[in-house]
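Q: Dropping in input_28.cif, with mmCIF, C-alpha atoms.
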```cif
data_data
#
loop_
_atom_site.group_PDB
_atom_site.id
_atom_site.type_symbol
_atom_site.label_atom_id
_atom_site.label_comp_id
_atom_site.auth_asym_id
_atom_site.auth_seq_id
_atom_site.Cartn_x
_atom_site.Cartn_y
_atom_site.Cartn_z
ATOM 1 C CA MET A 1174 -12.013 13.270 6.518
ATOM 2 C CA SER A 1175 -15.700 13.289 7.524
ATOM 3 C CA SER A 1176 -18.015 10.347 6.853
ATOM 4 C CA SER A 1177 -20.201 12.486 4.557
ATOM 5 C CA THR A 1178 -17.166 13.461 2.474
ATOM 6 C CA ILE A 1179 -16.072 9.823 2.216
ATOM 7 C CA THR A 1180 -19.592 8.804 1.173
ATOM 8 C CA GLN A 1181 -19.625 11.415 -1.620
ATOM 9 C CA LEU A 1182 -16.225 10.230 -2.853
ATOM 10 C CA GLN A 1183 -17.400 6.628 -2.882
ATOM 11 C CA ARG A 1184 -20.317 7.423 -5.202
ATOM 12 C CA HIS A 1185 -17.940 8.433 -7.973
ATOM 13 C CA SER A 1186 -14.791 6.554 -7.010
ATOM 14 C CA CYS A 1187 -13.221 3.576 -8.763
ATOM 15 C CA THR A 1188 -12.437 0.103 -7.598
ATOM 16 C CA PRO A 1189 -8.705 -0.694 -7.542
ATOM 17 C CA SER A 1190 -8.990 -2.818 -10.702
ATOM 18 C CA ARG A 1191 -10.747 -0.081 -12.655
ATOM 19 C CA ALA A 1192 -8.385 2.605 -11.333
ATOM 20 C CA ALA A 1193 -5.400 0.531 -12.471
ATOM 21 C CA ARG A 1194 -6.895 0.326 -15.980
ATOM 22 C CA GLU A 1195 -7.663 4.052 -15.990
ATOM 23 C CA LEU A 1196 -4.058 4.807 -15.087
ATOM 24 C CA GLY A 1197 -2.554 2.297 -17.508
ATOM 25 C CA LEU A 1198 -0.949 0.254 -14.723
ATOM 26 C CA LYS A 1199 -0.769 -3.447 -14.065
ATOM 27 C CA ARG A 1200 -2.636 -4.357 -10.903
ATOM 28 C CA SER A 1201 0.634 -5.213 -9.158
ATOM 29 C CA GLU A 1202 2.038 -1.779 -10.098
ATOM 30 C CA PHE A 1203 -1.106 -0.082 -8.851
ATOM 31 C CA ASP A 1204 -1.021 -1.946 -5.528
ATOM 32 C CA LEU A 1205 2.616 -0.983 -5.014
ATOM 33 C CA ALA A 1206 1.889 2.680 -5.797
ATOM 34 C CA VAL A 1207 -0.821 2.629 -3.119
ATOM 35 C CA HIS A 1208 1.588 0.851 -0.763
ATOM 36 C CA LEU A 1209 4.148 3.633 -1.291
ATOM 37 C CA GLY A 1210 1.576 6.388 -0.750
ATOM 38 C CA GLN A 1211 1.759 7.561 -4.360
ATOM 39 C CA ILE A 1212 -1.941 6.916 -5.010
ATOM 40 C CA ARG A 1213 -4.484 8.121 -2.469
ATOM 41 C CA THR A 1214 -7.409 5.851 -1.640
ATOM 42 C CA VAL A 1215 -10.502 6.091 0.563
ATOM 43 C CA PRO A 1216 -12.289 3.347 2.509
ATOM 44 C CA ASP A 1217 -15.045 1.422 0.739
ATOM 45 C CA GLU A 1218 -17.624 1.374 3.504
ATOM 46 C CA GLY A 1219 -20.044 -0.728 1.464
ATOM 47 C CA GLY A 1220 -17.899 -3.699 0.533
ATOM 48 C CA GLY A 1221 -14.673 -3.262 2.477
ATOM 49 C CA GLY A 1222 -11.318 -2.562 0.879
ATOM 50 C CA ARG A 1223 -10.361 0.741 -0.734
ATOM 51 C CA ARG A 1224 -11.472 2.912 -3.640
ATOM 52 C CA VAL A 1225 -9.800 5.689 -5.661
ATOM 53 C CA PRO A 1226 -11.433 9.118 -5.988
ATOM 54 C CA PRO A 1227 -11.696 10.524 -9.533
ATOM 55 C CA SER A 1228 -9.751 13.599 -8.441
ATOM 56 C CA GLU A 1229 -6.779 11.363 -7.654
ATOM 57 C CA ILE A 1230 -6.829 9.822 -11.128
ATOM 58 C CA ASP A 1231 -6.997 13.323 -12.645
ATOM 59 C CA ARG A 1232 -4.064 14.443 -10.488
ATOM 60 C CA LEU A 1233 -1.887 11.546 -11.577
ATOM 61 C CA ARG A 1234 -2.729 11.999 -15.239
ATOM 62 C CA ALA A 1235 -1.682 15.645 -14.991
ATOM 63 C CA THR A 1236 1.814 14.861 -13.658
ATOM 64 C CA ASP A 1237 4.827 15.431 -15.914
ATOM 65 C CA GLY A 1238 5.769 12.442 -18.033
ATOM 66 C CA TYR A 1239 2.600 10.463 -17.280
ATOM 67 C CA PRO A 1240 2.246 7.479 -17.613
ATOM 68 C CA ASP A 1241 5.925 6.544 -17.972
ATOM 69 C CA SER A 1242 6.958 8.566 -14.925
ATOM 70 C CA LEU A 1243 4.382 6.784 -12.762
ATOM 71 C CA ARG A 1244 5.489 3.359 -13.997
ATOM 72 C CA GLU A 1245 9.124 4.222 -13.364
ATOM 73 C CA ARG A 1246 8.376 5.140 -9.742
ATOM 74 C CA VAL A 1247 7.060 1.627 -9.111
ATOM 75 C CA ARG A 1248 9.592 -0.332 -11.205
ATOM 76 C CA LEU A 1249 10.915 -3.269 -9.214
ATOM 77 C CA VAL A 1250 14.205 -5.062 -9.747
ATOM 78 C CA GLY A 1251 15.798 -8.135 -8.236
ATOM 79 C CA THR A 1252 19.391 -8.525 -7.106
ATOM 80 C CA THR A 1253 20.973 -8.998 -10.537
ATOM 81 C CA GLU A 1254 19.132 -6.140 -12.215
ATOM 82 C CA GLY A 1255 19.524 -3.981 -9.128
ATOM 83 C CA ALA A 1256 23.283 -4.415 -9.294
ATOM 84 C CA LYS A 1257 23.156 -3.258 -12.921
ATOM 85 C CA VAL A 1258 21.107 -0.198 -11.957
ATOM 86 C CA MET A 1259 23.760 0.722 -9.380
ATOM 87 C CA ASP A 1260 26.650 -0.365 -11.636
ATOM 88 C CA ILE A 1261 28.172 -2.582 -8.948
ATOM 89 C CA PRO A 1262 28.880 -6.337 -8.710
ATOM 90 C CA VAL A 1263 26.048 -8.583 -7.556
ATOM 91 C CA GLY A 1264 28.018 -9.607 -4.475
ATOM 92 C CA ARG A 1265 28.418 -6.004 -3.340
ATOM 93 C CA PHE A 1266 24.722 -5.328 -3.931
ATOM 94 C CA THR A 1267 23.813 -8.295 -1.715
ATOM 95 C CA ARG A 1268 26.146 -7.075 1.030
ATOM 96 C CA LEU A 1269 24.582 -3.601 0.965
ATOM 97 C CA ALA A 1270 21.127 -5.154 1.216
ATOM 98 C CA ARG A 1271 22.119 -7.454 4.096
ATOM 99 C CA LEU A 1272 23.488 -4.432 5.955
ATOM 100 C CA GLY A 1273 20.157 -2.668 5.566
ATOM 101 C CA LEU A 1274 21.597 0.136 3.452
ATOM 102 C CA ILE A 1275 19.091 -0.617 0.689
ATOM 103 C CA SER A 1276 15.669 -1.943 1.598
ATOM 104 C CA PRO A 1277 13.398 -4.358 -0.280
ATOM 105 C CA VAL A 1278 9.767 -3.438 -0.798
ATOM 106 C CA ARG A 1279 8.505 -6.865 -1.826
ATOM 107 C CA PHE A 1280 9.530 -10.493 -2.022
ATOM 108 C CA TYR A 1281 8.378 -13.752 -3.506
ATOM 109 C CA LEU A 1282 9.359 -17.389 -3.212
ATOM 110 C CA ASN A 1283 10.776 -19.098 -6.274
ATOM 111 C CA ARG A 1284 10.074 -22.719 -7.147
ATOM 112 C CA TYR A 1285 12.799 -23.827 -4.754
ATOM 113 C CA ARG A 1286 11.138 -21.818 -1.960
ATOM 114 C CA ALA A 1287 14.083 -19.439 -1.869
ATOM 115 C CA VAL A 1288 13.258 -15.825 -0.968
ATOM 116 C CA VAL A 1289 13.691 -13.377 -3.859
ATOM 117 C CA TRP A 1290 13.826 -9.775 -2.633
ATOM 118 C CA LEU A 1291 12.640 -6.930 -4.882
ATOM 119 C CA TYR A 1292 13.776 -3.308 -4.722
ATOM 120 C CA LEU A 1293 12.615 0.005 -6.137
ATOM 121 C CA ALA A 1294 14.860 0.923 -9.062
ATOM 122 C CA GLU A 1295 14.287 4.617 -8.324
ATOM 123 C CA GLU A 1296 15.638 4.241 -4.777
ATOM 124 C CA LEU A 1297 18.707 2.375 -5.990
ATOM 125 C CA GLU A 1298 19.463 5.116 -8.496
ATOM 126 C CA GLU A 1299 19.080 7.761 -5.785
ATOM 127 C CA PHE A 1300 21.468 5.831 -3.515
ATOM 128 C CA THR A 1301 24.240 6.077 -6.092
ATOM 129 C CA THR A 1302 23.830 9.867 -6.402
ATOM 130 C CA VAL A 1303 24.491 10.567 -2.698
ATOM 131 C CA GLY A 1304 28.095 11.576 -2.205
ATOM 132 C CA GLU A 1305 28.576 9.882 1.162
ATOM 133 C CA ASN A 1306 27.519 6.566 -0.393
ATOM 134 C CA LYS A 1307 30.288 6.571 -2.987
ATOM 135 C CA PRO A 1308 32.820 4.682 -0.797
ATOM 136 C CA LEU A 1309 30.247 1.897 -0.345
ATOM 137 C CA LEU A 1310 30.000 1.365 -4.099
ATOM 138 C CA THR A 1311 33.701 0.911 -4.836
ATOM 139 C CA GLY A 1312 36.781 -0.216 -2.986
ATOM 140 C CA ARG A 1313 37.001 -2.031 0.316
ATOM 141 C CA MET A 1314 33.968 -2.110 2.634
ATOM 142 C CA PRO A 1315 34.550 -0.177 5.897
ATOM 143 C CA GLU A 1316 35.802 -2.360 8.747
ATOM 144 C CA GLY A 1317 32.727 -1.942 10.959
ATOM 145 C CA LEU A 1318 30.444 -3.069 8.144
ATOM 146 C CA ARG A 1319 32.734 -6.004 7.339
ATOM 147 C CA ASP A 1320 32.490 -7.095 10.966
ATOM 148 C CA MET A 1321 28.695 -7.014 10.778
ATOM 149 C CA LEU A 1322 28.733 -9.172 7.666
ATOM 150 C CA ASP A 1323 31.144 -11.622 9.297
ATOM 151 C CA GLU A 1324 28.684 -11.931 12.186
ATOM 152 C CA GLY A 1325 25.939 -12.915 9.737
ATOM 153 C CA VAL A 1326 23.882 -9.725 9.854
ATOM 154 C CA ASP A 1327 20.988 -9.760 7.384
ATOM 155 C CA LEU A 1328 18.475 -6.925 7.766
ATOM 156 C CA ARG A 1329 16.500 -7.530 4.588
ATOM 157 C CA ALA A 1330 13.539 -9.180 6.295
ATOM 158 C CA ARG A 1331 13.475 -6.619 9.096
ATOM 159 C CA ASN A 1332 13.564 -3.705 6.642
ATOM 160 C CA TRP A 1333 10.772 -5.268 4.604
ATOM 161 C CA ARG A 1334 8.683 -5.689 7.764
ATOM 162 C CA GLY A 1335 9.201 -2.039 8.621
ATOM 163 C CA ARG A 1336 7.973 -0.881 5.224
ATOM 164 C CA HIS A 1337 5.053 -3.296 5.137
ATOM 165 C CA ARG A 1338 4.028 -2.352 8.675
ATOM 166 C CA GLY A 1339 4.100 1.341 7.767
ATOM 167 C CA PHE A 1340 1.822 0.679 4.802
ATOM 168 C CA LEU A 1341 -0.682 -1.258 6.901
ATOM 169 C CA LEU A 1342 -0.668 1.347 9.666
ATOM 170 C CA ARG A 1343 -1.414 4.119 7.176
ATOM 171 C CA LEU A 1344 -4.589 2.251 6.174
ATOM 172 C CA ALA A 1345 -5.748 1.708 9.776
ATOM 173 C CA GLU A 1346 -8.976 3.558 10.510
ATOM 174 C CA ASP A 1347 -9.114 3.181 14.310
ATOM 175 C CA PRO A 1348 -6.970 2.025 17.272
ATOM 176 C CA TRP A 1349 -8.103 -1.601 17.050
ATOM 177 C CA GLU A 1350 -6.972 -1.811 13.422
ATOM 178 C CA SER A 1351 -3.593 -0.299 14.361
ATOM 179 C CA ALA A 1352 -3.260 -2.770 17.228
ATOM 180 C CA GLY A 1353 -4.066 -5.632 14.847
ATOM 181 C CA VAL A 1354 -1.323 -4.490 12.475
ATOM 182 C CA LEU A 1355 1.276 -4.390 15.258
ATOM 183 C CA ALA A 1356 0.162 -7.791 16.544
ATOM 184 C CA ALA A 1357 0.635 -9.287 13.075
ATOM 185 C CA PHE A 1358 4.414 -8.959 13.471
ATOM 186 C CA LEU A 1359 4.614 -10.722 16.848
ATOM 187 C CA ASP A 1360 4.357 -14.445 17.526
ATOM 188 C CA ALA A 1361 1.512 -16.047 19.454
ATOM 189 C CA ALA A 1362 3.512 -16.335 22.683
ATOM 190 C CA GLN A 1363 4.240 -12.601 22.687
ATOM 191 C CA ILE A 1364 0.563 -11.785 22.098
ATOM 192 C CA ALA A 1365 -0.592 -14.125 24.874
ATOM 193 C CA GLU A 1366 1.801 -12.432 27.299
ATOM 194 C CA LEU A 1367 0.856 -8.896 26.266
ATOM 195 C CA VAL A 1368 -2.897 -9.515 26.038
ATOM 196 C CA PRO A 1369 -3.890 -11.919 28.842
ATOM 197 C CA ASP A 1370 -7.610 -11.119 28.576
ATOM 198 C CA PRO A 1371 -9.120 -13.742 26.201
ATOM 199 C CA TYR A 1372 -11.850 -11.407 24.934
ATOM 200 C CA ASP A 1373 -9.361 -8.645 24.157
ATOM 201 C CA ARG A 1374 -7.123 -11.202 22.451
ATOM 202 C CA SER A 1375 -9.979 -12.630 20.387
ATOM 203 C CA HIS A 1376 -11.134 -9.163 19.342
ATOM 204 C CA LEU A 1377 -7.570 -8.173 18.446
ATOM 205 C CA GLY A 1378 -7.303 -11.225 16.214
ATOM 206 C CA ARG A 1379 -10.163 -9.938 14.055
ATOM 207 C CA PHE A 1380 -8.014 -6.978 12.981
ATOM 208 C CA ARG A 1381 -4.760 -8.864 12.485
ATOM 209 C CA PRO A 1382 -3.836 -8.802 8.765
ATOM 210 C CA ALA A 1383 -2.566 -12.033 7.283
ATOM 211 C CA PRO A 1384 0.928 -12.339 5.789
ATOM 212 C CA PRO A 1385 1.240 -11.890 2.028
ATOM 213 C CA ALA A 1386 -0.262 -14.934 0.344
ATOM 214 C CA HIS A 1387 2.290 -17.508 -0.804
ATOM 215 C CA GLY A 1388 0.972 -21.045 -1.121
ATOM 216 C CA ALA A 1389 -1.858 -22.847 0.619
ATOM 217 C CA GLN A 1390 -2.434 -22.325 4.321
ATOM 218 C CA GLY A 1391 -0.206 -24.621 6.365
ATOM 219 C CA SER A 1392 2.129 -25.322 3.441
ATOM 220 C CA PRO A 1393 5.928 -25.017 3.788
ATOM 221 C CA ALA A 1394 5.797 -21.834 1.689
ATOM 222 C CA ALA A 1395 3.146 -20.303 3.958
ATOM 223 C CA HIS A 1396 5.224 -21.174 7.036
ATOM 224 C CA LEU A 1397 8.270 -19.498 5.503
ATOM 225 C CA VAL A 1398 6.320 -16.329 4.727
ATOM 226 C CA GLU A 1399 4.931 -16.290 8.263
ATOM 227 C CA LYS A 1400 8.494 -16.563 9.580
ATOM 228 C CA ILE A 1401 9.555 -13.561 7.471
ATOM 229 C CA MET A 1402 6.524 -11.633 8.772
ATOM 230 C CA THR A 1403 7.348 -12.321 12.441
ATOM 231 C CA ALA A 1404 9.855 -10.051 14.190
ATOM 232 C CA ASP A 1405 12.982 -11.852 15.392
ATOM 233 C CA ASP A 1406 15.283 -8.976 16.322
ATOM 234 C CA PRO A 1407 15.262 -8.102 20.058
ATOM 235 C CA ALA A 1408 15.118 -4.346 19.438
ATOM 236 C CA GLU A 1409 12.312 -4.728 16.915
ATOM 237 C CA ILE A 1410 10.342 -6.985 19.268
ATOM 238 C CA ALA A 1411 10.794 -4.547 22.160
ATOM 239 C CA TRP A 1412 9.508 -1.655 20.049
ATOM 240 C CA LEU A 1413 6.503 -3.653 18.846
ATOM 241 C CA ARG A 1414 5.609 -4.735 22.385
ATOM 242 C CA SER A 1415 5.822 -1.193 23.730
ATOM 243 C CA GLU A 1416 3.833 0.280 20.850
ATOM 244 C CA LEU A 1417 1.181 -2.428 20.964
ATOM 245 C CA ALA A 1418 0.666 -1.952 24.705
ATOM 246 C CA GLN A 1419 0.032 1.779 24.196
ATOM 247 C CA VAL A 1420 -2.234 1.350 21.187
ATOM 248 C CA LEU A 1421 -4.236 -1.346 22.989
ATOM 249 C CA GLU A 1422 -4.968 1.085 25.806
ATOM 250 C CA ASP A 1423 -6.218 3.584 23.213
ATOM 251 C CA ALA A 1424 -8.311 0.824 21.613
ATOM 252 C CA ARG A 1425 -9.920 -0.210 24.913
ATOM 253 C CA ARG A 1426 -10.841 3.397 25.686
ATOM 254 C CA PHE A 1427 -12.140 3.898 22.165
ATOM 255 C CA ARG A 1428 -14.290 0.741 22.128
ATOM 256 C CA PRO A 1429 -13.971 -2.081 24.680
ATOM 257 C CA ALA A 1430 -13.793 -5.575 23.247
ATOM 258 C CA PRO A 1431 -17.176 -7.334 23.270
ATOM 259 C CA ARG A 1432 -17.648 -9.849 26.081
ATOM 260 C CA PRO A 1433 -20.531 -11.742 27.687
ATOM 261 C CA ALA A 1434 -22.638 -9.870 30.213
ATOM 262 C CA GLY A 1435 -20.939 -9.839 33.587
ATOM 263 C CA ALA A 1436 -17.487 -10.816 32.253
ATOM 264 C CA ARG A 1437 -14.705 -8.512 33.437
ATOM 265 C CA ARG A 1438 -11.495 -7.654 31.647
ATOM 266 C CA THR A 1439 -8.496 -9.564 32.972
ATOM 267 C CA PRO A 1440 -6.184 -6.994 34.587
ATOM 268 C CA PRO A 1441 -2.408 -7.208 34.086
ATOM 269 C CA ASP A 1442 -0.369 -8.876 36.810
ATOM 270 C CA LEU A 1443 0.140 -6.564 39.787
ATOM 271 C CA PRO A 1444 2.445 -6.793 42.811
ATOM 272 C CA ALA A 1445 0.762 -8.206 45.907
ATOM 273 C CA GLY A 1446 -1.252 -5.627 47.811
ATOM 274 C CA ASP A 1447 -1.746 -3.219 44.901
ATOM 275 C CA PRO A 1448 -5.366 -2.257 44.213
ATOM 276 C CA GLU A 1449 -7.017 -3.564 41.059
ATOM 277 C CA PRO A 1450 -6.830 -0.921 38.321
ATOM 278 C CA GLN A 1451 -10.021 0.827 37.320
ATOM 279 C CA GLU A 1452 -11.356 0.608 33.775
ATOM 280 C CA PRO A 1453 -9.744 3.534 31.915
ATOM 281 C CA PRO A 1454 -12.018 6.347 30.763
ATOM 282 C CA ARG A 1455 -13.149 6.565 27.173
ATOM 283 C CA GLY A 1456 -11.429 8.867 24.730
ATOM 284 C CA GLY A 1457 -8.648 6.690 23.358
ATOM 285 C CA LEU A 1458 -9.237 7.855 19.783
ATOM 286 C CA LEU A 1459 -7.611 11.224 20.477
ATOM 287 C CA GLY A 1460 -4.503 9.622 21.967
ATOM 288 C CA TRP A 1461 -4.282 7.216 19.026
ATOM 289 C CA LEU A 1462 -4.601 10.059 16.506
ATOM 290 C CA ARG A 1463 -1.856 12.020 18.251
ATOM 291 C CA ARG A 1464 0.473 9.022 18.279
ATOM 292 C CA ARG A 1465 -0.370 8.204 14.663
ATOM 293 C CA SER A 1466 0.465 11.744 13.510
ATOM 294 C CA VAL A 1467 3.916 11.368 15.054
#
```
Please re-express this file's structure in structure tokens.
A:
Amino acid sequence: MSSSTITQLQRHSCTPSRAARELGLKRSEFDLAVHLGQIRTVPDEGGGGRRVPPSEIDRLRATDGYPDSLRERVRLVGTTEGAKVMDIPVGRFTRLARLGLISPVRFYLNRYRAVVWLYLAEELEEFTTVGENKPLLTGRMPEGLRDMLDEGVDLRARNWRGRHRGFLLRLAEDPWESAGVLAAFLDAAQIAELVPDPYDRSHLGRFRPAPPAHGAQGSPAAHLVEKIMTADDPAEIAWLRSELAQVLEDARRFRPAPRPAGARRTPPDLPAGDPEPQEPPRGGLLGWLRRRSV
């Protein structure tokens, strides 16, 4: 979308709060609909954030069953209600979630700082209609899945990270923003190893989104949320490292990180005798766009 088109849309577009009122949604429902890609937004170049074009509000109002159908698509349920939606015991629902067969879209911490996972009711209903899922809803769990549960497998946090990361990446407007999103799911030690140049690392930090807000900064609740946000599975970490390294190269070509005059970018470690790599040519935006489309 061209900058002139975005500017025209902004002149008549709505803020998220107003768009939620126009659509008859609670703000939390609206935010989730955007998260799921059900409501299209455009960047707010003037004040940051996002705005909703009037054409998008008209489109949603014209859908069958509006507004109930829109609300139903963003209806969230916890474990107990989710089990009722699927007509299975709570224990079986929890096992399916731990195995990653159903994925949470949100979470919150209760007053005891226990994690409460929330699921889309629509997805749970769809799960029960798939024929191959029927054996998972009744009878004995397959042996391979039982073994995973016995080993303590719990993929709820990882699945949430995957969904949240996808949402943030969809909103990224350039390679640095994408790199910041990927970095947000790695711990500081991983980032220091992957990005040895201090100016690159500092610039990357500007685009790193914070974890969902839960409690004051530095509080036990905030530490718990940060732990949920940080990848801990070896395969997930390996994917994030590989992807971040590629996107960072696109970002450096697109726009090098600012640095004092005369300062040079710290090259990665090279075997003895290898020549120092040359600064890559510009043009990283095209590579980033190709990778993003995939």
Q: Would you compute the distance between atom CA of A:Leu1413 and atom CA of A:Ala1365? Give it in Å to one decimal.
A: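 Those two atoms sit 14.0 Å apart.
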Q: With all atoms listed in the file as the counted atoms, please give the residues lying no more than 9 Å from A:Arg1414, apart from itself and same-chain residues fewer than 6 positions off, as a list in words.
A: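 Skipping anything fewer than 6 positions along the chain leaves Leu1355, Ala1356, Leu1359, Gln1363, Ile1364 and Leu1367 of chain A.
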Q: Could you dump the residues just selected with C-alpha atoms as a CSV table (one decimal), keeping the file's coordinate frame?
A:
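Result went into part-v3.csv, see below:
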```csv
chain,number,residue,atom,x,y,z
A,1355,LEU,CA,1.3,-4.4,15.3
A,1356,ALA,CA,0.2,-7.8,16.5
A,1359,LEU,CA,4.6,-10.7,16.8
A,1363,GLN,CA,4.2,-12.6,22.7
A,1364,ILE,CA,0.6,-11.8,22.1
A,1367,LEU,CA,0.9,-8.9,26.3
```
Q: To one decimal place, how far is atom CA of A:Gly1197 from atom CA of A:Ser1228 in Å?
A: 16.2 Å
Q: In Å to one decimal, how far is atom CA of A:Ala1404 from atom CA of A:Gly1353?
A: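 These atoms are spaced 14.6 Å apart.
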Q: Identify, on the basis of only C-alpha atoms, every residue whose closest approach to stretch 1231-1244 of chain A does not exceed 12 Å; exclude the query and any residue fewer than 3 positions from it along the same chain; express the result as number ranges by chain.
A: A: 1186, 1192-1207, 1209, 1211-1213, 1225-1228, 1247-1249, 1293-1295
Q: Translate the PyMOL selection byres ((chain A and resi 1297) around 12), as applied to the file shown, into an explicit residue set as a ChimeraX atom specification.
A: /A:1246,1248-1252,1254-1261,1266,1269-1270,1274-1278,1291-1296,1298-1303,1306,1310
Q: So for stretch 1399-1418 of chain A, what box centre and size do we get, axis-aligned, 8 Å extra on each of the six sides, every listed atom, Å to one decimal, as JSON?
A:
```
{"center_x": 8.0, "center_y": -8.1, "center_z": 16.1, "size_x": 30.6, "size_y": 32.8, "size_z": 33.2}
```
